[in-house]
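Below: final-v6.cif (mmCIF, C-alpha atoms)
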```cif
data_my_file
#
loop_
_atom_site.label_atom_id
_atom_site.label_comp_id
_atom_site.auth_asym_id
_atom_site.auth_seq_id
_atom_site.Cartn_x
_atom_site.Cartn_y
_atom_site.Cartn_z
CA MET B 1 -181.03 186.01 -48.69
CA ALA B 2 -178.63 186.89 -45.91
CA LEU B 3 -178.75 190.41 -44.61
CA SER B 4 -175.76 192.62 -45.32
CA ASN B 5 -174.72 196.19 -44.58
CA GLU B 6 -175.64 197.22 -48.15
CA ILE B 7 -179.18 195.88 -47.83
CA ILE B 8 -179.70 197.55 -44.46
CA ARG B 9 -178.50 200.83 -45.89
CA GLN B 10 -180.74 200.44 -48.93
CA HIS B 11 -183.78 199.75 -46.78
CA LEU B 12 -183.13 202.71 -44.51
CA THR B 13 -182.50 205.09 -47.41
CA GLU B 14 -185.72 203.97 -49.10
CA LYS B 15 -187.67 204.75 -45.97
CA PHE B 16 -185.90 207.83 -44.58
CA GLY B 17 -183.91 209.21 -47.52
CA GLU B 18 -181.52 212.00 -46.62
CA GLU B 19 -182.66 212.08 -43.00
CA ILE B 20 -180.14 209.38 -42.16
CA TYR B 21 -176.58 210.47 -42.79
CA ASN B 22 -172.97 210.01 -41.71
CA TRP B 23 -172.81 206.46 -42.98
CA GLU B 24 -169.68 204.68 -41.74
CA GLU B 25 -168.44 201.13 -41.42
CA PRO B 26 -165.71 201.07 -38.77
CA TYR B 27 -164.46 197.48 -38.41
CA GLY B 28 -167.33 196.33 -40.61
CA MET B 29 -170.05 197.59 -38.28
CA LEU B 30 -172.60 199.76 -40.02
CA THR B 31 -172.93 203.11 -38.25
CA PHE B 32 -175.26 205.97 -39.05
CA THR B 33 -176.76 209.14 -37.57
CA ALA B 34 -180.24 210.61 -37.61
CA HIS B 35 -181.93 213.69 -36.25
CA LYS B 36 -182.83 213.20 -32.59
CA ASP B 37 -186.57 213.61 -33.14
CA LEU B 38 -186.47 210.63 -35.48
CA ASN B 39 -184.82 208.23 -33.06
CA LEU B 40 -187.99 206.32 -32.17
CA LYS B 41 -189.22 206.20 -35.77
CA VAL B 42 -185.92 204.74 -36.96
CA LEU B 43 -185.80 202.25 -34.09
CA GLN B 44 -189.39 201.21 -34.71
CA PHE B 45 -188.66 200.68 -38.39
CA LEU B 46 -185.52 198.66 -37.61
CA PHE B 47 -187.55 196.58 -35.18
CA ASP B 48 -190.63 195.98 -37.32
CA ASP B 49 -189.24 195.61 -40.83
CA THR B 50 -189.48 191.99 -41.94
CA TYR B 51 -185.97 192.06 -43.46
CA LEU B 52 -184.17 194.05 -40.80
CA GLN B 53 -185.60 192.61 -37.54
CA PHE B 54 -183.26 194.40 -35.17
CA ARG B 55 -185.05 193.16 -32.07
CA PHE B 56 -182.24 193.09 -29.52
CA LEU B 57 -180.83 196.21 -27.86
CA THR B 58 -177.26 195.28 -26.98
CA ASP B 59 -176.26 198.59 -25.53
CA LEU B 60 -177.38 202.15 -25.08
CA CYS B 61 -175.02 204.81 -23.85
CA ALA B 62 -174.11 208.46 -24.19
CA VAL B 63 -170.94 210.31 -25.17
CA HIS B 64 -170.03 213.86 -24.28
CA TYR B 65 -168.16 215.86 -26.96
CA PRO B 66 -167.47 219.29 -25.40
CA GLU B 67 -165.92 220.61 -28.66
CA LYS B 68 -169.01 219.92 -30.83
CA LYS B 69 -171.06 223.04 -30.18
CA GLY B 70 -174.79 222.34 -30.29
CA GLU B 71 -174.20 218.59 -30.57
CA GLU B 72 -172.42 217.92 -27.30
CA ILE B 73 -174.39 214.90 -26.19
CA ALA B 74 -174.60 211.80 -28.38
CA VAL B 75 -176.79 208.84 -27.55
CA VAL B 76 -175.63 205.62 -29.18
CA TYR B 77 -177.80 202.55 -29.71
CA HIS B 78 -176.20 199.19 -30.46
CA LEU B 79 -178.71 196.88 -32.12
CA HIS B 80 -178.44 193.20 -32.93
CA ASN B 81 -180.35 191.14 -35.47
CA LEU B 82 -180.40 187.72 -33.84
CA VAL B 83 -181.68 185.94 -36.96
CA ASP B 84 -178.87 186.97 -39.32
CA ASN B 85 -176.40 187.83 -36.54
CA ILE B 86 -175.71 191.37 -37.71
CA ARG B 87 -175.00 194.35 -35.50
CA ILE B 88 -175.46 198.05 -36.24
CA ARG B 89 -174.75 201.28 -34.40
CA PHE B 90 -177.18 204.19 -34.45
CA LYS B 91 -176.34 207.67 -33.14
CA VAL B 92 -178.38 210.74 -32.32
CA PHE B 93 -177.01 214.09 -31.18
CA THR B 94 -178.32 217.01 -29.19
CA GLY B 95 -177.12 220.16 -27.42
CA ILE B 96 -176.14 220.04 -23.77
CA GLU B 97 -178.55 222.76 -22.63
CA LYS B 98 -181.60 220.61 -23.23
CA PRO B 99 -180.57 216.98 -23.64
CA ASP B 100 -184.01 215.49 -24.33
CA PHE B 101 -184.61 212.27 -26.25
CA PHE B 102 -187.62 210.04 -26.68
CA SER B 103 -187.38 206.94 -24.53
CA ALA B 104 -187.06 203.56 -26.23
CA THR B 105 -188.53 201.67 -23.27
CA ALA B 106 -191.79 200.94 -25.06
CA LEU B 107 -189.86 199.21 -27.86
CA TYR B 108 -187.03 197.54 -25.94
CA ALA B 109 -187.58 196.58 -22.29
CA ALA B 110 -183.79 196.48 -21.93
CA ALA B 111 -183.69 200.22 -22.48
CA ASN B 112 -185.20 200.83 -19.04
CA TRP B 113 -182.03 200.32 -16.99
CA MET B 114 -179.71 201.52 -19.74
CA GLU B 115 -181.54 204.83 -20.01
CA ARG B 116 -181.46 205.23 -16.24
CA GLU B 117 -177.71 204.64 -16.31
CA THR B 118 -177.29 207.13 -19.15
CA TYR B 119 -179.31 209.67 -17.21
CA ASP B 120 -177.25 208.95 -14.09
CA PHE B 121 -173.90 209.62 -15.74
CA TYR B 122 -174.71 212.15 -18.49
CA GLY B 123 -177.98 213.76 -17.43
CA VAL B 124 -179.76 212.77 -20.62
CA ASN B 125 -183.49 213.30 -20.17
CA PHE B 126 -185.45 210.44 -21.73
CA ILE B 127 -189.00 211.60 -22.34
CA GLY B 128 -191.52 208.86 -21.57
CA HIS B 129 -189.27 206.78 -19.34
CA PRO B 130 -191.36 205.26 -16.51
CA ASN B 131 -188.82 205.81 -13.71
CA LEU B 132 -185.96 208.10 -14.67
CA VAL B 133 -183.94 208.21 -11.43
CA ARG B 134 -180.31 207.45 -10.60
CA ILE B 135 -179.43 203.76 -10.74
CA LEU B 136 -175.72 203.36 -9.89
CA ASN B 137 -174.57 206.51 -8.13
CA ALA B 138 -175.65 207.69 -4.71
CA ASP B 139 -179.04 209.40 -4.78
CA GLU B 140 -177.65 212.57 -3.17
CA MET B 141 -175.24 213.16 -6.05
CA ASP B 142 -176.03 216.53 -7.60
CA TYR B 143 -174.11 216.37 -10.86
CA PHE B 144 -173.50 214.04 -13.81
CA PRO B 145 -169.99 212.66 -13.28
CA MET B 146 -169.16 211.41 -16.78
CA ARG B 147 -169.61 214.81 -18.38
CA ARG B 148 -166.27 216.28 -19.28
CA GLU B 149 -166.75 219.49 -17.32
CA TYR B 150 -166.44 217.58 -14.01
CA PRO B 151 -163.12 216.31 -12.66
CA LEU B 152 -162.84 212.56 -12.32
CA GLU B 153 -160.91 212.75 -9.07
CA GLU B 154 -162.58 213.03 -5.72
CA GLN B 155 -162.45 216.69 -4.68
CA THR B 156 -162.72 216.18 -0.92
CA ARG B 157 -159.28 214.68 -0.59
CA VAL B 158 -156.74 216.92 1.11
CA ASP B 159 -153.76 214.57 1.41
CA LYS B 160 -152.83 214.55 -2.27
CA ASP B 161 -149.73 216.56 -3.03
CA ASP B 162 -149.87 217.72 -6.64
CA GLU B 163 -146.09 217.85 -6.82
CA MET B 164 -145.94 214.09 -6.34
CA PHE B 165 -148.11 213.64 -9.40
CA GLY B 166 -146.03 215.89 -11.65
CA ARG B 167 -148.47 218.79 -11.88
CA ASP B 168 -148.70 222.20 -10.29
CA MET W 1 -141.64 158.83 -12.31
CA ALA W 2 -143.03 159.55 -8.92
CA ARG W 3 -142.24 162.91 -7.46
CA PRO W 4 -139.58 162.64 -4.79
CA VAL W 5 -140.92 163.26 -1.36
CA GLN W 6 -139.15 166.07 0.40
CA TYR W 7 -138.74 166.45 4.09
CA ASN W 8 -137.91 169.62 5.89
CA LEU W 9 -134.54 168.69 7.31
CA THR W 10 -133.29 172.15 8.17
CA ASN W 11 -133.14 172.69 11.88
CA LYS W 12 -134.88 175.94 12.54
CA LYS W 13 -133.38 177.80 15.42
CA VAL W 14 -135.91 178.44 18.16
CA GLU W 15 -135.73 182.10 18.99
CA ALA W 16 -137.39 181.83 22.34
CA PRO W 17 -138.79 178.85 24.19
CA ILE W 18 -142.53 178.49 23.99
CA ALA W 19 -144.05 179.75 27.19
CA LEU W 20 -147.42 180.72 28.49
CA ASP W 21 -148.40 184.33 28.14
CA LYS W 22 -147.91 186.34 31.27
CA GLY W 23 -150.97 187.15 33.29
CA PRO W 24 -151.75 190.60 34.60
CA GLU W 25 -149.93 191.99 37.58
CA GLY W 26 -151.40 191.18 40.95
CA PHE W 27 -151.04 189.36 44.22
CA SER W 28 -151.14 185.62 44.28
CA GLY W 29 -151.14 183.23 47.14
CA GLU W 30 -152.24 179.73 47.80
CA GLY W 31 -155.54 179.31 46.02
CA PHE W 32 -156.15 182.96 45.19
CA PHE W 33 -155.07 185.66 42.82
CA ALA W 34 -156.07 189.29 43.20
CA THR W 35 -155.80 191.91 40.49
CA LYS W 36 -157.63 194.89 39.03
CA LEU W 37 -161.06 194.33 37.48
CA ASN W 38 -159.90 196.36 34.52
CA ASP W 39 -157.17 193.84 33.74
CA VAL W 40 -159.41 190.80 34.10
CA VAL W 41 -162.08 192.24 31.85
CA GLY W 42 -159.45 193.34 29.36
CA LEU W 43 -157.92 189.86 29.36
CA ALA W 44 -161.30 188.25 28.78
CA ARG W 45 -162.28 190.67 26.04
CA LYS W 46 -159.06 190.62 24.10
CA ASN W 47 -158.97 186.85 23.84
CA SER W 48 -162.51 186.46 22.62
CA ILE W 49 -162.96 189.15 20.01
CA TRP W 50 -165.79 188.28 17.63
CA PRO W 51 -165.04 189.84 14.26
CA LEU W 52 -167.64 190.96 11.77
CA PRO W 53 -166.09 190.74 8.30
CA PHE W 54 -167.38 193.50 6.04
CA ALA W 55 -165.61 192.29 2.90
CA THR W 56 -166.31 194.08 -0.36
CA SER W 57 -163.35 193.21 -2.58
CA CYS W 58 -159.91 191.60 -2.85
CA CYS W 59 -159.01 192.23 0.80
CA GLY W 60 -161.89 189.90 1.58
CA ILE W 61 -160.10 187.13 -0.30
CA GLU W 62 -157.02 187.68 1.85
CA PHE W 63 -159.29 187.54 4.87
CA MET W 64 -160.53 184.12 3.75
CA ALA W 65 -156.92 182.94 3.80
CA LEU W 66 -156.55 184.49 7.23
CA MET W 67 -159.55 182.58 8.54
CA ALA W 68 -158.43 179.28 7.02
CA SER W 69 -156.09 176.78 8.61
CA HIS W 70 -152.79 178.15 7.35
CA TYR W 71 -152.95 181.54 9.08
CA ASP W 72 -155.74 180.56 11.46
CA LEU W 73 -157.26 183.59 13.12
CA ALA W 74 -158.89 181.15 15.58
CA ARG W 75 -155.60 181.03 17.50
CA PHE W 76 -156.46 184.49 18.78
CA GLY W 77 -159.84 183.50 20.14
CA SER W 78 -161.66 184.72 17.06
CA GLU W 79 -162.91 181.58 15.38
CA ARG W 80 -166.44 182.86 15.84
CA VAL W 81 -166.79 185.08 12.79
CA SER W 82 -170.26 186.46 13.04
CA PHE W 83 -172.40 188.04 10.37
CA SER W 84 -174.74 189.61 12.85
CA PRO W 85 -173.48 193.02 13.98
CA ARG W 86 -175.33 192.73 17.30
CA GLN W 87 -173.06 189.92 18.48
CA CYS W 88 -169.76 191.36 17.31
CA ASP W 89 -166.98 193.32 18.92
CA LEU W 90 -164.76 194.13 15.97
CA LEU W 91 -165.88 195.47 12.62
CA MET W 92 -163.32 194.52 9.99
CA VAL W 93 -163.87 196.67 6.90
CA MET W 94 -162.03 195.06 4.03
CA GLY W 95 -162.16 196.55 0.58
CA THR W 96 -163.37 199.54 -1.40
CA ILE W 97 -166.34 201.32 0.12
CA ALA W 98 -168.33 203.16 -2.53
CA LYS W 99 -170.19 206.27 -1.47
CA LYS W 100 -173.43 204.42 -1.95
CA MET W 101 -172.20 201.76 0.49
CA ALA W 102 -171.20 204.29 3.17
CA PRO W 103 -174.60 204.49 4.92
CA ILE W 104 -174.69 200.70 5.12
CA VAL W 105 -171.27 200.55 6.80
CA LYS W 106 -172.41 203.18 9.23
CA GLN W 107 -175.63 201.34 9.95
CA VAL W 108 -173.74 198.11 10.65
CA TYR W 109 -171.46 200.03 13.00
CA LEU W 110 -174.44 201.55 14.81
CA GLN W 111 -176.04 198.13 15.22
CA MET W 112 -173.00 196.81 17.04
CA ALA W 113 -173.17 196.95 20.83
CA GLU W 114 -170.58 198.84 22.88
CA PRO W 115 -167.73 198.23 23.37
CA ARG W 116 -166.94 198.01 19.67
CA TRP W 117 -163.77 198.37 17.65
CA VAL W 118 -163.05 198.95 13.98
CA LEU W 119 -160.19 197.70 11.86
CA ALA W 120 -159.69 199.16 8.37
CA MET W 121 -157.90 196.63 6.19
CA GLY W 122 -156.10 197.71 3.06
CA ALA W 123 -155.53 200.96 1.21
CA CYS W 124 -159.12 201.36 0.02
CA ALA W 125 -160.77 201.11 3.42
CA SER W 126 -158.09 203.31 4.96
CA SER W 127 -157.89 206.08 2.38
CA GLY W 128 -159.75 205.22 -0.81
CA GLY W 129 -156.54 203.75 -2.22
CA ILE W 130 -156.12 203.91 -5.96
CA PHE W 131 -159.80 204.75 -6.39
CA ASP W 132 -159.49 208.51 -6.27
CA SER W 133 -162.84 208.85 -7.95
CA TYR W 134 -166.20 210.55 -7.59
CA ALA W 135 -167.87 207.27 -6.60
CA VAL W 136 -165.57 206.03 -3.83
CA LEU W 137 -165.44 206.99 -0.18
CA GLN W 138 -161.95 208.29 0.62
CA GLY W 139 -161.42 206.19 3.74
CA ILE W 140 -164.02 204.81 6.15
CA ASP W 141 -162.79 207.19 8.86
CA GLN W 142 -164.94 209.80 7.16
CA ILE W 143 -168.03 208.02 8.50
CA ILE W 144 -166.99 205.90 11.50
CA PRO W 145 -164.07 206.05 13.97
CA VAL W 146 -161.29 203.57 13.17
CA ASP W 147 -159.01 201.96 15.77
CA VAL W 148 -156.42 200.19 13.61
CA TYR W 149 -155.40 200.69 9.99
CA VAL W 150 -153.67 197.86 8.12
CA PRO W 151 -151.73 199.16 5.11
CA GLY W 152 -151.25 197.16 1.90
CA CYS W 153 -153.03 196.52 -1.37
CA PRO W 154 -154.11 193.95 -0.35
CA PRO W 155 -152.22 193.34 2.91
CA ARG W 156 -150.84 189.85 3.42
CA PRO W 157 -152.59 187.76 6.07
CA GLU W 158 -149.57 188.25 8.34
CA ALA W 159 -150.13 192.00 8.18
CA VAL W 160 -153.75 191.55 9.17
CA LEU W 161 -152.69 189.28 12.02
CA ASP W 162 -150.36 192.02 13.16
CA GLY W 163 -153.20 194.53 12.94
CA PHE W 164 -155.43 192.15 14.83
CA MET W 165 -152.84 191.85 17.59
CA LYS W 166 -152.75 195.65 17.75
CA VAL W 167 -156.52 195.57 18.26
CA GLN W 168 -156.06 192.97 21.01
CA ASP W 169 -153.53 195.25 22.62
CA LEU W 170 -155.98 198.17 22.52
CA VAL W 171 -158.81 196.03 23.85
CA GLY W 172 -156.69 194.61 26.68
CA LYS W 173 -155.45 197.98 27.86
CA GLU W 174 -158.67 199.91 27.47
CA SER W 175 -160.00 201.50 30.63
CA LEU W 176 -163.46 200.36 31.66
CA ARG W 177 -164.47 204.00 31.93
CA ARG W 178 -163.34 205.01 28.45
CA ARG W 179 -166.71 204.49 26.77
CA ASN W 180 -168.40 206.75 29.32
CA SER W 181 -165.85 209.53 29.13
CA GLU W 182 -166.48 212.99 27.76
CA ARG W 183 -163.71 212.55 25.23
CA TYR W 184 -165.32 209.43 23.79
CA LYS W 185 -168.67 211.19 23.59
CA GLU W 186 -166.99 214.03 21.75
CA LEU W 187 -165.47 211.58 19.30
CA MET W 188 -168.87 209.98 18.68
CA ASN W 189 -170.50 213.38 18.29
CA SER W 190 -167.91 214.37 15.70
CA TYR W 191 -169.24 211.48 13.60
CA GLY W 192 -172.82 212.46 14.28
CA ILE W 193 -173.53 209.39 16.40
CA GLN W 194 -176.03 209.95 19.29
#
```
Any chance you could give the structure as structure tokens?
Amino acid sequence: MALSNEIIRQHLTEKFGEEIYNWEEPYGMLTFTAHKDLNLKVLQFLFDDTYLQFRFLTDLCAVHYPEKKGEEIAVVYHLHNLVDNIRIRFKVFTGIEKPDFFSATALYAAANWMERETYDFYGVNFIGHPNLVRILNADEMDYFPMRREYPLEEQTRVDKDDEMFGRD
Amino acid sequence: MARPVQYNLTNKKVEAPIALDKGPEGFSGEGFFATKLNDVVGLARKNSIWPLPFATSCCGIEFMALMASHYDLARFGSERVSFSPRQCDLLMVMGTIAKKMAPIVKQVYLQMAEPRWVLAMGACASSGGIFDSYAVLQGIDQIIPVDVYVPGCPPRPEAVLDGFMKVQDLVGKESLRRRNSERYKELMNSYGIQ
């Protein structure tokens, strides 16, 4: 029997009940949220379950929502079932003061670089990552540039006249 | 149907007759020519500049056109493009230099032997260009001294040729004592070199 969004949802609800919430299907892609302490348990279940078999981590990234107090940082996992060719999206949220998550490196080797990148740009602390250091930005960088509190533009430039850009 | 063959029949007006470049000023007689050492060295240097292409993005593609037969940088005595900084005279930085790349550019510059020149090709190398971003160096003159800037995004090969001729001009007229002068040392010190 081919896997479908309904069956995935049924399996997850059987196992985790109300602990998985915010079910959505934007553009047909099943999306759901869980508490951040459950992220590894949910991923392990998605990986191991004989029906689900989500064994490929397509992408892992973070999002910063400054307006969501207490849930500023979201970590999003994109998983792919290569047998039935179905993709799902799994989100976990945490506050910005202590952005700690359990690392998925033990489950997905691909998570190693992706978690380093997420740490590099958003400062997400992945507990249990073997080498959580910056991967793309210069090592001397002392902030996390993709967080919304930092300006995107280079601040050392003196030749830019704000008037020319229509701002004061 | 075969494509008609076209010939260039327009008679292009010759603006000036082709002539040999003038030599430096000096005294000539039968079998000898005397001039300043400065001029001779300058003449030799400026017609045998070995460029080191440091190409990181689209300006590098324009540079490939510049090196190829159509624009032919070899006409200026620079067919020997070297990828070893120790043999080169002119560092041509072409393309966006990310902040993570900055120490590498500087190291390449330091490995070059004096006298050395730097040409910044394109908006990115000159000023960061459109990449006004936390990750991009806002012009290579923040880390190494630059002799000639070539504007454009990317500049056409003709523009780079023009820039290259400006470098030749600088090289030819440079005093032999410049690299030992206090002013030059000051310039180097301002970049934290030596």
Point to revise | the PyMOL selection byres ((chain W) within 9 of (chain B)) applied to the shown file, residues as number ranges by chain | key: W: 98-101, 131-138
**Study point:** Selection near Arg156 (chain W), 12 Å with only C-alpha atoms, sequence-local residues under 5 positions removed, as a list in words
**Key:** Cys58, Cys59, Gly60, Ile61, Glu62, Phe63, Met64, Ala65, Leu66, Tyr71, Met121, Gly122, Val150, Pro151, Leu161, Asp162 and Gly163 of chain W
Practice item. Using the chain letters and residue numbers of this document, give as a PyMOL selection string the residues selected by the PyMOL selection byres ((chain W and resi 54) around 12). Key: chain W and resi 51-53+55-61+63-64+81-85+88+90-97+101-102+104-106+108-109+118-121+125+140
Check your understanding: What is the CA of Glu24 (chain B)-CA of Ala2 (chain B) distance in Å, reported with one decimal?
Key -> 20.3 Å
Exercise for review: Tell me which protein, DNA and RNA residues are within 10 Å of Val41 (chain W), counting all atoms listed in the file, leaving out same-chain ones fewer than 6 positions away, and put them as a count of residues only.
Suggested key: 6
Practice item. Find the spatial neighbours of Asn22 (chain B), counting only C-alpha atoms, within a cut-off of 9 Å - ignore same-chain residues fewer than 2 positions away - and output them as a PyMOL selection string. Key: chain B and resi 20+24+31-34
Check your understanding: Any idea what's packed within 9 Å of Glu79 (chain W), counting all atoms listed in the file, ignoring anything in its chain fewer than 6 positions away? Could you give it as a list in words?
Key ->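 Skipping anything fewer than 6 positions along the chain leaves Ser48, Ile49, Trp50, Pro51, Met67, Asp72 and Leu73 of chain W.
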Residues from last step as file, C-alpha atoms, as an mmCIF file, in the coordinates of the input:
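Output saved as selection_1.cif:
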```cif
data_model
loop_
_atom_site.group_PDB
_atom_site.id
_atom_site.type_symbol
_atom_site.label_atom_id
_atom_site.label_comp_id
_atom_site.auth_asym_id
_atom_site.auth_seq_id
_atom_site.Cartn_x
_atom_site.Cartn_y
_atom_site.Cartn_z
ATOM 1 C CA SER W 48 -162.510 186.460 22.620
ATOM 2 C CA ILE W 49 -162.960 189.150 20.010
ATOM 3 C CA TRP W 50 -165.790 188.280 17.630
ATOM 4 C CA PRO W 51 -165.040 189.840 14.260
ATOM 5 C CA MET W 67 -159.550 182.580 8.540
ATOM 6 C CA ASP W 72 -155.740 180.560 11.460
ATOM 7 C CA LEU W 73 -157.260 183.590 13.120
#
```
Review point. What does the distance from CA of Val63 (chain B) to CA of Arg147 (chain B) come to in Å, to one decimal?
Key: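 Separating CA of Val63 (chain B) from CA of Arg147 (chain B) is a distance of 8.3 Å.
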Could you tell me, as a short mmCIF file (atom, residue, chain, number, x, y, z; two decimals) with C-alpha atoms, in the coordinates of the input, exactly which residues end up selected when the PyMOL selection byres ((chain B and resi 43-55) around 10) is applied to this structure?
```cif
data_model
loop_
_atom_site.label_atom_id
_atom_site.label_comp_id
_atom_site.auth_asym_id
_atom_site.auth_seq_id
_atom_site.Cartn_x
_atom_site.Cartn_y
_atom_site.Cartn_z
CA MET B 1 -181.03 186.01 -48.69
CA ALA B 2 -178.63 186.89 -45.91
CA LEU B 3 -178.75 190.41 -44.61
CA SER B 4 -175.76 192.62 -45.32
CA ILE B 7 -179.18 195.88 -47.83
CA ILE B 8 -179.70 197.55 -44.46
CA HIS B 11 -183.78 199.75 -46.78
CA LEU B 12 -183.13 202.71 -44.51
CA LYS B 15 -187.67 204.75 -45.97
CA PHE B 16 -185.90 207.83 -44.58
CA LEU B 38 -186.47 210.63 -35.48
CA ASN B 39 -184.82 208.23 -33.06
CA LEU B 40 -187.99 206.32 -32.17
CA LYS B 41 -189.22 206.20 -35.77
CA VAL B 42 -185.92 204.74 -36.96
CA PHE B 56 -182.24 193.09 -29.52
CA LEU B 57 -180.83 196.21 -27.86
CA THR B 58 -177.26 195.28 -26.98
CA TYR B 77 -177.80 202.55 -29.71
CA HIS B 78 -176.20 199.19 -30.46
CA LEU B 79 -178.71 196.88 -32.12
CA HIS B 80 -178.44 193.20 -32.93
CA ASN B 81 -180.35 191.14 -35.47
CA LEU B 82 -180.40 187.72 -33.84
CA VAL B 83 -181.68 185.94 -36.96
CA ASP B 84 -178.87 186.97 -39.32
CA ASN B 85 -176.40 187.83 -36.54
CA ILE B 86 -175.71 191.37 -37.71
CA ARG B 87 -175.00 194.35 -35.50
CA ILE B 88 -175.46 198.05 -36.24
CA PHE B 90 -177.18 204.19 -34.45
CA ALA B 104 -187.06 203.56 -26.23
CA ALA B 106 -191.79 200.94 -25.06
CA LEU B 107 -189.86 199.21 -27.86
CA TYR B 108 -187.03 197.54 -25.94
#
```
**Study point:** Using all atoms listed in the file: which of B:Arg148, B:Lys69, B:His35, B:Arg9 has the shortest distance to Lys91 (chain B)
**Key:**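 Among the listed residues, the smallest separation from Lys91 (chain B) belongs to B:His35.
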Review point. For the atom pair CA of Ala62 (chain B) and CA of Ser103 (chain B), what is the interatomic distance in Å to one decimal place?
Key: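 It comes out at 13.4 Å.
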Exercise for review: Using all atoms listed in the file, find all polymer residues with an atom at most 6 Å away from the point (-178.8, 198.4, -24.6); report them as a PyMOL selection string.
Suggested key: chain B and resi 57-60+110-111+114
Assuming the input is short of atoms at region 55-66 of chain W, produce N, CA and C atoms for that part as a PDB file, in the frame of the given file.
```
ATOM      1  N   ALA W  55    -166.554 192.458   4.011  1.00  0.00           N
ATOM      2  CA  ALA W  55    -165.610 192.290   2.900  1.00  0.00           C
ATOM      3  C   ALA W  55    -166.284 192.684   1.601  1.00  0.00           C
ATOM      4  N   THR W  56    -165.709 193.665   0.902  1.00  0.00           N
ATOM      5  CA  THR W  56    -166.310 194.080  -0.360  1.00  0.00           C
ATOM      6  C   THR W  56    -165.421 193.785  -1.561  1.00  0.00           C
ATOM      7  N   SER W  57    -164.153 193.502  -1.385  1.00  0.00           N
ATOM      8  CA  SER W  57    -163.350 193.210  -2.580  1.00  0.00           C
ATOM      9  C   SER W  57    -162.148 192.330  -2.240  1.00  0.00           C
ATOM     10  N   CYS W  58    -161.012 192.555  -2.900  1.00  0.00           N
ATOM     11  CA  CYS W  58    -159.910 191.600  -2.850  1.00  0.00           C
ATOM     12  C   CYS W  58    -159.364 191.403  -1.442  1.00  0.00           C
ATOM     13  N   CYS W  59    -159.447 192.419  -0.581  1.00  0.00           N
ATOM     14  CA  CYS W  59    -159.010 192.230   0.800  1.00  0.00           C
ATOM     15  C   CYS W  59    -159.817 191.123   1.468  1.00  0.00           C
ATOM     16  N   GLY W  60    -161.065 190.969   1.038  1.00  0.00           N
ATOM     17  CA  GLY W  60    -161.890 189.900   1.580  1.00  0.00           C
ATOM     18  C   GLY W  60    -161.337 188.535   1.258  1.00  0.00           C
ATOM     19  N   ILE W  61    -160.702 188.409   0.095  1.00  0.00           N
ATOM     20  CA  ILE W  61    -160.100 187.130  -0.300  1.00  0.00           C
ATOM     21  C   ILE W  61    -158.915 186.828   0.614  1.00  0.00           C
ATOM     22  N   GLU W  62    -158.132 187.883   0.918  1.00  0.00           N
ATOM     23  CA  GLU W  62    -157.020 187.680   1.850  1.00  0.00           C
ATOM     24  C   GLU W  62    -157.557 187.301   3.229  1.00  0.00           C
ATOM     25  N   PHE W  63    -158.696 187.866   3.570  1.00  0.00           N
ATOM     26  CA  PHE W  63    -159.290 187.540   4.870  1.00  0.00           C
ATOM     27  C   PHE W  63    -159.695 186.075   4.924  1.00  0.00           C
ATOM     28  N   MET W  64    -160.161 185.540   3.782  1.00  0.00           N
ATOM     29  CA  MET W  64    -160.530 184.120   3.750  1.00  0.00           C
ATOM     30  C   MET W  64    -159.308 183.263   4.055  1.00  0.00           C
ATOM     31  N   ALA W  65    -158.147 183.658   3.495  1.00  0.00           N
ATOM     32  CA  ALA W  65    -156.920 182.940   3.800  1.00  0.00           C
ATOM     33  C   ALA W  65    -156.591 183.064   5.277  1.00  0.00           C
ATOM     34  N   LEU W  66    -156.848 184.249   5.815  1.00  0.00           N
ATOM     35  CA  LEU W  66    -156.550 184.490   7.230  1.00  0.00           C
ATOM     36  C   LEU W  66    -157.406 183.606   8.131  1.00  0.00           C
TER      37      LEU W  66
END
```
